[in-house]
$ cat entry_36.cif   # mmCIF, N, CA and C atoms
data_run
#
loop_
_atom_site.label_atom_id
_atom_site.label_comp_id
_atom_site.auth_asym_id
_atom_site.auth_seq_id
_atom_site.Cartn_x
_atom_site.Cartn_y
_atom_site.Cartn_z
N MET R 1 -10.16 -15.29 7.79
CA MET R 1 -11.05 -14.19 8.04
C MET R 1 -11.70 -13.69 6.75
N ARG R 2 -10.93 -13.71 5.67
CA ARG R 2 -11.49 -13.22 4.41
C ARG R 2 -12.69 -14.06 3.96
N GLN R 3 -12.54 -15.38 4.09
CA GLN R 3 -13.64 -16.25 3.68
C GLN R 3 -14.88 -16.00 4.54
N TRP R 4 -14.68 -15.83 5.84
CA TRP R 4 -15.79 -15.56 6.74
C TRP R 4 -16.45 -14.22 6.36
N ALA R 5 -15.62 -13.23 6.07
CA ALA R 5 -16.14 -11.91 5.70
C ALA R 5 -16.92 -11.98 4.38
N GLU R 6 -16.47 -12.82 3.46
CA GLU R 6 -17.17 -12.96 2.19
C GLU R 6 -18.57 -13.55 2.37
N ARG R 7 -18.72 -14.37 3.41
CA ARG R 7 -20.01 -15.03 3.64
C ARG R 7 -20.89 -14.29 4.64
N HIS R 8 -20.32 -13.35 5.40
CA HIS R 8 -21.08 -12.67 6.44
C HIS R 8 -20.89 -11.16 6.31
N GLU R 9 -21.90 -10.50 5.78
CA GLU R 9 -21.81 -9.07 5.49
C GLU R 9 -21.55 -8.23 6.74
N ASP R 10 -22.19 -8.58 7.85
CA ASP R 10 -21.97 -7.82 9.09
C ASP R 10 -20.53 -7.92 9.56
N PHE R 11 -19.96 -9.11 9.43
CA PHE R 11 -18.56 -9.30 9.83
C PHE R 11 -17.65 -8.51 8.90
N ALA R 12 -17.95 -8.50 7.61
CA ALA R 12 -17.14 -7.74 6.65
C ALA R 12 -17.16 -6.26 6.99
N SER R 13 -18.32 -5.74 7.35
CA SER R 13 -18.43 -4.33 7.72
C SER R 13 -17.63 -4.03 8.98
N ALA R 14 -17.73 -4.91 9.96
CA ALA R 14 -16.98 -4.73 11.21
C ALA R 14 -15.48 -4.80 10.96
N LEU R 15 -15.06 -5.69 10.09
CA LEU R 15 -13.64 -5.83 9.77
C LEU R 15 -13.12 -4.58 9.07
N THR R 16 -13.91 -4.03 8.16
CA THR R 16 -13.53 -2.79 7.47
C THR R 16 -13.39 -1.65 8.46
N ARG R 17 -14.36 -1.54 9.35
CA ARG R 17 -14.32 -0.46 10.36
C ARG R 17 -13.13 -0.64 11.29
N ALA R 18 -12.83 -1.86 11.68
CA ALA R 18 -11.68 -2.11 12.55
C ALA R 18 -10.38 -1.71 11.87
N LYS R 19 -10.26 -1.99 10.59
CA LYS R 19 -9.05 -1.61 9.85
C LYS R 19 -8.93 -0.10 9.75
N GLU R 20 -10.05 0.60 9.58
CA GLU R 20 -10.02 2.06 9.55
C GLU R 20 -9.56 2.63 10.89
N LEU R 21 -10.08 2.06 11.98
CA LEU R 21 -9.69 2.52 13.32
C LEU R 21 -8.22 2.20 13.61
N GLU R 22 -7.77 1.04 13.14
CA GLU R 22 -6.36 0.67 13.32
C GLU R 22 -5.46 1.68 12.62
N GLN R 23 -5.80 2.04 11.39
CA GLN R 23 -4.99 3.00 10.65
C GLN R 23 -5.00 4.36 11.32
N ALA R 24 -6.15 4.79 11.80
CA ALA R 24 -6.24 6.08 12.50
C ALA R 24 -5.36 6.07 13.75
N TYR R 25 -5.35 4.96 14.47
CA TYR R 25 -4.53 4.83 15.67
C TYR R 25 -3.04 5.00 15.34
N TRP R 26 -2.58 4.27 14.32
CA TRP R 26 -1.16 4.32 13.96
C TRP R 26 -0.78 5.68 13.37
N GLU R 27 -1.69 6.30 12.64
CA GLU R 27 -1.41 7.64 12.12
C GLU R 27 -1.29 8.65 13.26
N GLU R 28 -2.13 8.50 14.27
CA GLU R 28 -2.04 9.39 15.43
C GLU R 28 -0.71 9.20 16.16
N LEU R 29 -0.28 7.96 16.29
CA LEU R 29 1.04 7.71 16.91
C LEU R 29 2.15 8.39 16.11
N GLY R 30 2.04 8.34 14.80
CA GLY R 30 3.03 9.00 13.95
C GLY R 30 3.03 10.50 14.13
N GLU R 31 1.86 11.09 14.24
CA GLU R 31 1.77 12.54 14.46
C GLU R 31 2.36 12.93 15.82
N LYS R 32 2.08 12.13 16.83
CA LYS R 32 2.65 12.41 18.16
C LYS R 32 4.17 12.26 18.12
N GLY R 33 4.64 11.33 17.32
CA GLY R 33 6.07 11.10 17.22
C GLY R 33 6.83 12.28 16.63
N LEU R 34 6.15 13.10 15.85
CA LEU R 34 6.80 14.27 15.27
C LEU R 34 7.37 15.21 16.33
N PHE R 35 6.74 15.22 17.48
CA PHE R 35 7.16 16.13 18.54
C PHE R 35 7.84 15.41 19.70
N ALA R 36 8.06 14.13 19.56
CA ALA R 36 8.70 13.34 20.62
C ALA R 36 10.21 13.47 20.52
N ASP R 37 10.87 13.25 21.65
CA ASP R 37 12.34 13.30 21.67
C ASP R 37 12.94 12.14 20.88
N ARG R 38 12.31 10.98 20.98
CA ARG R 38 12.85 9.80 20.32
C ARG R 38 11.75 9.16 19.48
N PHE R 39 11.81 9.38 18.19
CA PHE R 39 10.84 8.81 17.26
C PHE R 39 11.59 8.27 16.06
N ASN R 40 11.39 7.01 15.75
CA ASN R 40 12.09 6.38 14.65
C ASN R 40 11.19 6.44 13.40
N ALA R 41 11.25 7.55 12.70
CA ALA R 41 10.38 7.78 11.54
C ALA R 41 10.57 6.74 10.43
N PRO R 42 11.80 6.32 10.11
CA PRO R 42 11.94 5.31 9.05
C PRO R 42 11.25 3.99 9.39
N VAL R 43 11.32 3.58 10.65
CA VAL R 43 10.66 2.34 11.06
C VAL R 43 9.14 2.52 10.99
N TRP R 44 8.66 3.66 11.45
CA TRP R 44 7.22 3.94 11.39
C TRP R 44 6.74 3.91 9.93
N LYS R 45 7.50 4.53 9.05
CA LYS R 45 7.14 4.58 7.62
C LYS R 45 7.07 3.17 7.02
N MET R 46 8.05 2.33 7.33
CA MET R 46 8.05 0.96 6.81
C MET R 46 6.87 0.17 7.37
N MET R 47 6.60 0.36 8.66
CA MET R 47 5.49 -0.34 9.28
C MET R 47 4.16 0.07 8.66
N MET R 48 3.99 1.36 8.38
CA MET R 48 2.76 1.84 7.77
C MET R 48 2.60 1.27 6.36
N ALA R 49 3.69 1.22 5.61
CA ALA R 49 3.64 0.66 4.26
C ALA R 49 3.29 -0.82 4.29
N SER R 50 3.73 -1.51 5.33
CA SER R 50 3.44 -2.92 5.47
C SER R 50 1.99 -3.16 5.90
N ARG R 51 1.51 -2.37 6.84
CA ARG R 51 0.15 -2.54 7.37
C ARG R 51 -0.92 -2.00 6.44
N PHE R 52 -0.65 -0.88 5.79
CA PHE R 52 -1.66 -0.18 5.00
C PHE R 52 -1.12 0.09 3.60
N ARG R 53 -0.94 -0.96 2.86
CA ARG R 53 -0.29 -0.90 1.54
C ARG R 53 -0.96 0.08 0.59
N ALA R 54 -2.27 0.10 0.57
CA ALA R 54 -2.98 0.95 -0.40
C ALA R 54 -2.68 2.43 -0.20
N ASP R 55 -2.47 2.84 1.04
CA ASP R 55 -2.25 4.25 1.34
C ASP R 55 -0.79 4.64 1.53
N TYR R 56 0.08 3.68 1.86
CA TYR R 56 1.45 4.04 2.23
C TYR R 56 2.54 3.37 1.41
N SER R 57 2.22 2.42 0.56
CA SER R 57 3.27 1.78 -0.23
C SER R 57 3.60 2.65 -1.44
N PRO R 58 4.88 2.79 -1.71
CA PRO R 58 5.25 3.56 -2.91
C PRO R 58 4.84 2.79 -4.16
N THR R 59 4.40 3.52 -5.16
CA THR R 59 4.02 2.88 -6.42
C THR R 59 4.80 3.52 -7.56
N THR R 60 5.04 2.74 -8.57
CA THR R 60 5.72 3.22 -9.76
C THR R 60 4.85 2.88 -10.96
N ARG R 61 4.57 3.86 -11.75
CA ARG R 61 3.77 3.64 -12.95
C ARG R 61 4.65 3.89 -14.16
N ILE R 62 4.68 2.91 -15.04
CA ILE R 62 5.47 3.02 -16.26
C ILE R 62 4.50 3.05 -17.43
N GLU R 63 4.61 4.08 -18.24
CA GLU R 63 3.71 4.19 -19.39
C GLU R 63 4.46 4.76 -20.58
N GLY R 64 3.89 4.55 -21.74
CA GLY R 64 4.49 5.05 -22.96
C GLY R 64 4.21 6.53 -23.17
N SER R 65 4.65 7.03 -24.30
CA SER R 65 4.45 8.45 -24.59
C SER R 65 2.96 8.77 -24.64
N GLY R 66 2.61 9.91 -24.11
CA GLY R 66 1.21 10.32 -24.08
C GLY R 66 0.37 9.55 -23.08
N GLY R 67 1.03 8.80 -22.21
CA GLY R 67 0.30 8.04 -21.19
C GLY R 67 -0.25 6.72 -21.66
N GLY R 68 0.07 6.34 -22.87
CA GLY R 68 -0.45 5.09 -23.42
C GLY R 68 0.39 3.89 -23.06
N ALA R 69 0.05 2.79 -23.68
CA ALA R 69 0.77 1.54 -23.45
C ALA R 69 2.18 1.63 -24.02
N ILE R 70 3.07 0.85 -23.46
CA ILE R 70 4.45 0.78 -23.96
C ILE R 70 4.46 -0.21 -25.13
N GLN R 71 4.99 0.23 -26.25
CA GLN R 71 5.06 -0.61 -27.43
C GLN R 71 6.38 -1.39 -27.41
N ILE R 72 6.27 -2.69 -27.61
CA ILE R 72 7.46 -3.54 -27.65
C ILE R 72 7.53 -4.19 -29.03
N THR R 73 8.67 -4.05 -29.67
CA THR R 73 8.88 -4.64 -30.98
C THR R 73 10.07 -5.57 -30.89
N LEU R 74 9.85 -6.83 -31.22
CA LEU R 74 10.94 -7.80 -31.19
C LEU R 74 11.56 -7.88 -32.58
N SER R 75 12.87 -8.04 -32.59
CA SER R 75 13.56 -8.20 -33.86
C SER R 75 14.28 -9.54 -33.86
N ARG R 76 14.77 -9.93 -35.00
CA ARG R 76 15.48 -11.21 -35.09
C ARG R 76 16.72 -11.22 -34.20
N ASP R 77 17.32 -10.08 -33.97
CA ASP R 77 18.49 -10.01 -33.10
C ASP R 77 18.14 -10.42 -31.67
N ASP R 78 16.89 -10.23 -31.26
CA ASP R 78 16.47 -10.60 -29.92
C ASP R 78 16.51 -12.11 -29.71
N GLU R 79 16.38 -12.90 -30.76
CA GLU R 79 16.40 -14.35 -30.65
C GLU R 79 17.75 -14.85 -30.16
N LYS R 80 18.80 -14.09 -30.36
CA LYS R 80 20.15 -14.49 -29.94
C LYS R 80 20.34 -14.32 -28.44
N LEU R 81 19.48 -13.54 -27.80
CA LEU R 81 19.62 -13.31 -26.36
C LEU R 81 19.25 -14.54 -25.65
#

$ encode --input "entry_36.cif" --output "structure tokens"
Amino acid sequence: MRQWAERHEDFASALTRAKELEQAYWEELGEKGLFADRFNAPVWKMMMASRFRADYSPTTRIEGSGGGAIQITLSRDDEKL
């Protein structure tokens, strides 16, 4: 599908819109589940992270002091590892 979307702009637009509607559908199910007698929130959360990684996957950012790059210095002792 990705290759087809890359070659056909109309299809790419339709695919993007379909993904937006899919996410809205699943988010609505999650909201309804908040008030349901039986709602498996952990499963819903995992499913959302799997389906919509950009919005629901946890991310970890590692950075150096002041938000900069992490400095790595190798020493001769590291060669023994």

$ atom_distance --input "entry_36.cif" --atom1 "CA of Ala18 in chain R" --atom2 "atom C of Ser50 in chain R"
15.2 Å

$ select_by_dssp --input "entry_36.cif" --residues "range 21-68 of chain R" --states "helix (DSSP H, G or I)" --output "PyMOL selection string"
chain R and resi 21-33+41-51+53-56+65-67

$ write_last_selection --input "entry_36.cif" --atoms "N, CA and C atoms" --output "tab-separated table (two decimals), in the frame of the given file"
chain	number	residue	atom	x	y	z
R	21	LEU	N	-10.08	2.06	11.98
R	21	LEU	CA	-9.69	2.52	13.32
R	21	LEU	C	-8.22	2.20	13.61
R	22	GLU	N	-7.77	1.04	13.14
R	22	GLU	CA	-6.36	0.67	13.32
R	22	GLU	C	-5.46	1.68	12.62
R	23	GLN	N	-5.80	2.04	11.39
R	23	GLN	CA	-4.99	3.00	10.65
R	23	GLN	C	-5.00	4.36	11.32
R	24	ALA	N	-6.15	4.79	11.80
R	24	ALA	CA	-6.24	6.08	12.50
R	24	ALA	C	-5.36	6.07	13.75
R	25	TYR	N	-5.35	4.96	14.47
R	25	TYR	CA	-4.53	4.83	15.67
R	25	TYR	C	-3.04	5.00	15.34
R	26	TRP	N	-2.58	4.27	14.32
R	26	TRP	CA	-1.16	4.32	13.96
R	26	TRP	C	-0.78	5.68	13.37
R	27	GLU	N	-1.69	6.30	12.64
R	27	GLU	CA	-1.41	7.64	12.12
R	27	GLU	C	-1.29	8.65	13.26
R	28	GLU	N	-2.13	8.50	14.27
R	28	GLU	CA	-2.04	9.39	15.43
R	28	GLU	C	-0.71	9.20	16.16
R	29	LEU	N	-0.28	7.96	16.29
R	29	LEU	CA	1.04	7.71	16.91
R	29	LEU	C	2.15	8.39	16.11
R	30	GLY	N	2.04	8.34	14.80
R	30	GLY	CA	3.03	9.00	13.95
R	30	GLY	C	3.03	10.50	14.13
R	31	GLU	N	1.86	11.09	14.24
R	31	GLU	CA	1.77	12.54	14.46
R	31	GLU	C	2.36	12.93	15.82
R	32	LYS	N	2.08	12.13	16.83
R	32	LYS	CA	2.65	12.41	18.16
R	32	LYS	C	4.17	12.26	18.12
R	33	GLY	N	4.64	11.33	17.32
R	33	GLY	CA	6.07	11.10	17.22
R	33	GLY	C	6.83	12.28	16.63
R	41	ALA	N	11.25	7.55	12.70
R	41	ALA	CA	10.38	7.78	11.54
R	41	ALA	C	10.57	6.74	10.43
R	42	PRO	N	11.80	6.32	10.11
R	42	PRO	CA	11.94	5.31	9.05
R	42	PRO	C	11.25	3.99	9.39
R	43	VAL	N	11.32	3.58	10.65
R	43	VAL	CA	10.66	2.34	11.06
R	43	VAL	C	9.14	2.52	10.99
R	44	TRP	N	8.66	3.66	11.45
R	44	TRP	CA	7.22	3.94	11.39
R	44	TRP	C	6.74	3.91	9.93
R	45	LYS	N	7.50	4.53	9.05
R	45	LYS	CA	7.14	4.58	7.62
R	45	LYS	C	7.07	3.17	7.02
R	46	MET	N	8.05	2.33	7.33
R	46	MET	CA	8.05	0.96	6.81
R	46	MET	C	6.87	0.17	7.37
R	47	MET	N	6.60	0.36	8.66
R	47	MET	CA	5.49	-0.34	9.28
R	47	MET	C	4.16	0.07	8.66
R	48	MET	N	3.99	1.36	8.38
R	48	MET	CA	2.76	1.84	7.77
R	48	MET	C	2.60	1.27	6.36
R	49	ALA	N	3.69	1.22	5.61
R	49	ALA	CA	3.64	0.66	4.26
R	49	ALA	C	3.29	-0.82	4.29
R	50	SER	N	3.73	-1.51	5.33
R	50	SER	CA	3.44	-2.92	5.47
R	50	SER	C	1.99	-3.16	5.90
R	51	ARG	N	1.51	-2.37	6.84
R	51	ARG	CA	0.15	-2.54	7.37
R	51	ARG	C	-0.92	-2.00	6.44
R	53	ARG	N	-0.94	-0.96	2.86
R	53	ARG	CA	-0.29	-0.90	1.54
R	53	ARG	C	-0.96	0.08	0.59
R	54	ALA	N	-2.27	0.10	0.57
R	54	ALA	CA	-2.98	0.95	-0.40
R	54	ALA	C	-2.68	2.43	-0.20
R	55	ASP	N	-2.47	2.84	1.04
R	55	ASP	CA	-2.25	4.25	1.34
R	55	ASP	C	-0.79	4.64	1.53
R	56	TYR	N	0.08	3.68	1.86
R	56	TYR	CA	1.45	4.04	2.23
R	56	TYR	C	2.54	3.37	1.41
R	65	SER	N	4.65	7.03	-24.30
R	65	SER	CA	4.45	8.45	-24.59
R	65	SER	C	2.96	8.77	-24.64
R	66	GLY	N	2.61	9.91	-24.11
R	66	GLY	CA	1.21	10.32	-24.08
R	66	GLY	C	0.37	9.55	-23.08
R	67	GLY	N	1.03	8.80	-22.21
R	67	GLY	CA	0.30	8.04	-21.19
R	67	GLY	C	-0.25	6.72	-21.66

$ residues_around --input "entry_36.cif" --residues "range 22-27 of chain R" --least-positions-apart "3" --cutoff "9 Å" --atoms "only C-alpha atoms" --output "VMD selection string"
chain R and resid 17 to 19 30 to 32 44 48 51 to 52

$ atom_distance --input "entry_36.cif" --atom1 "atom C of Gly33 in chain R" --atom2 "atom C of Glu20 in chain R"
19.9 Å

$ atom_distance --input "entry_36.cif" --atom1 "atom N of Ala41 in chain R" --atom2 "CA of Leu29 in chain R"
11.0 Å
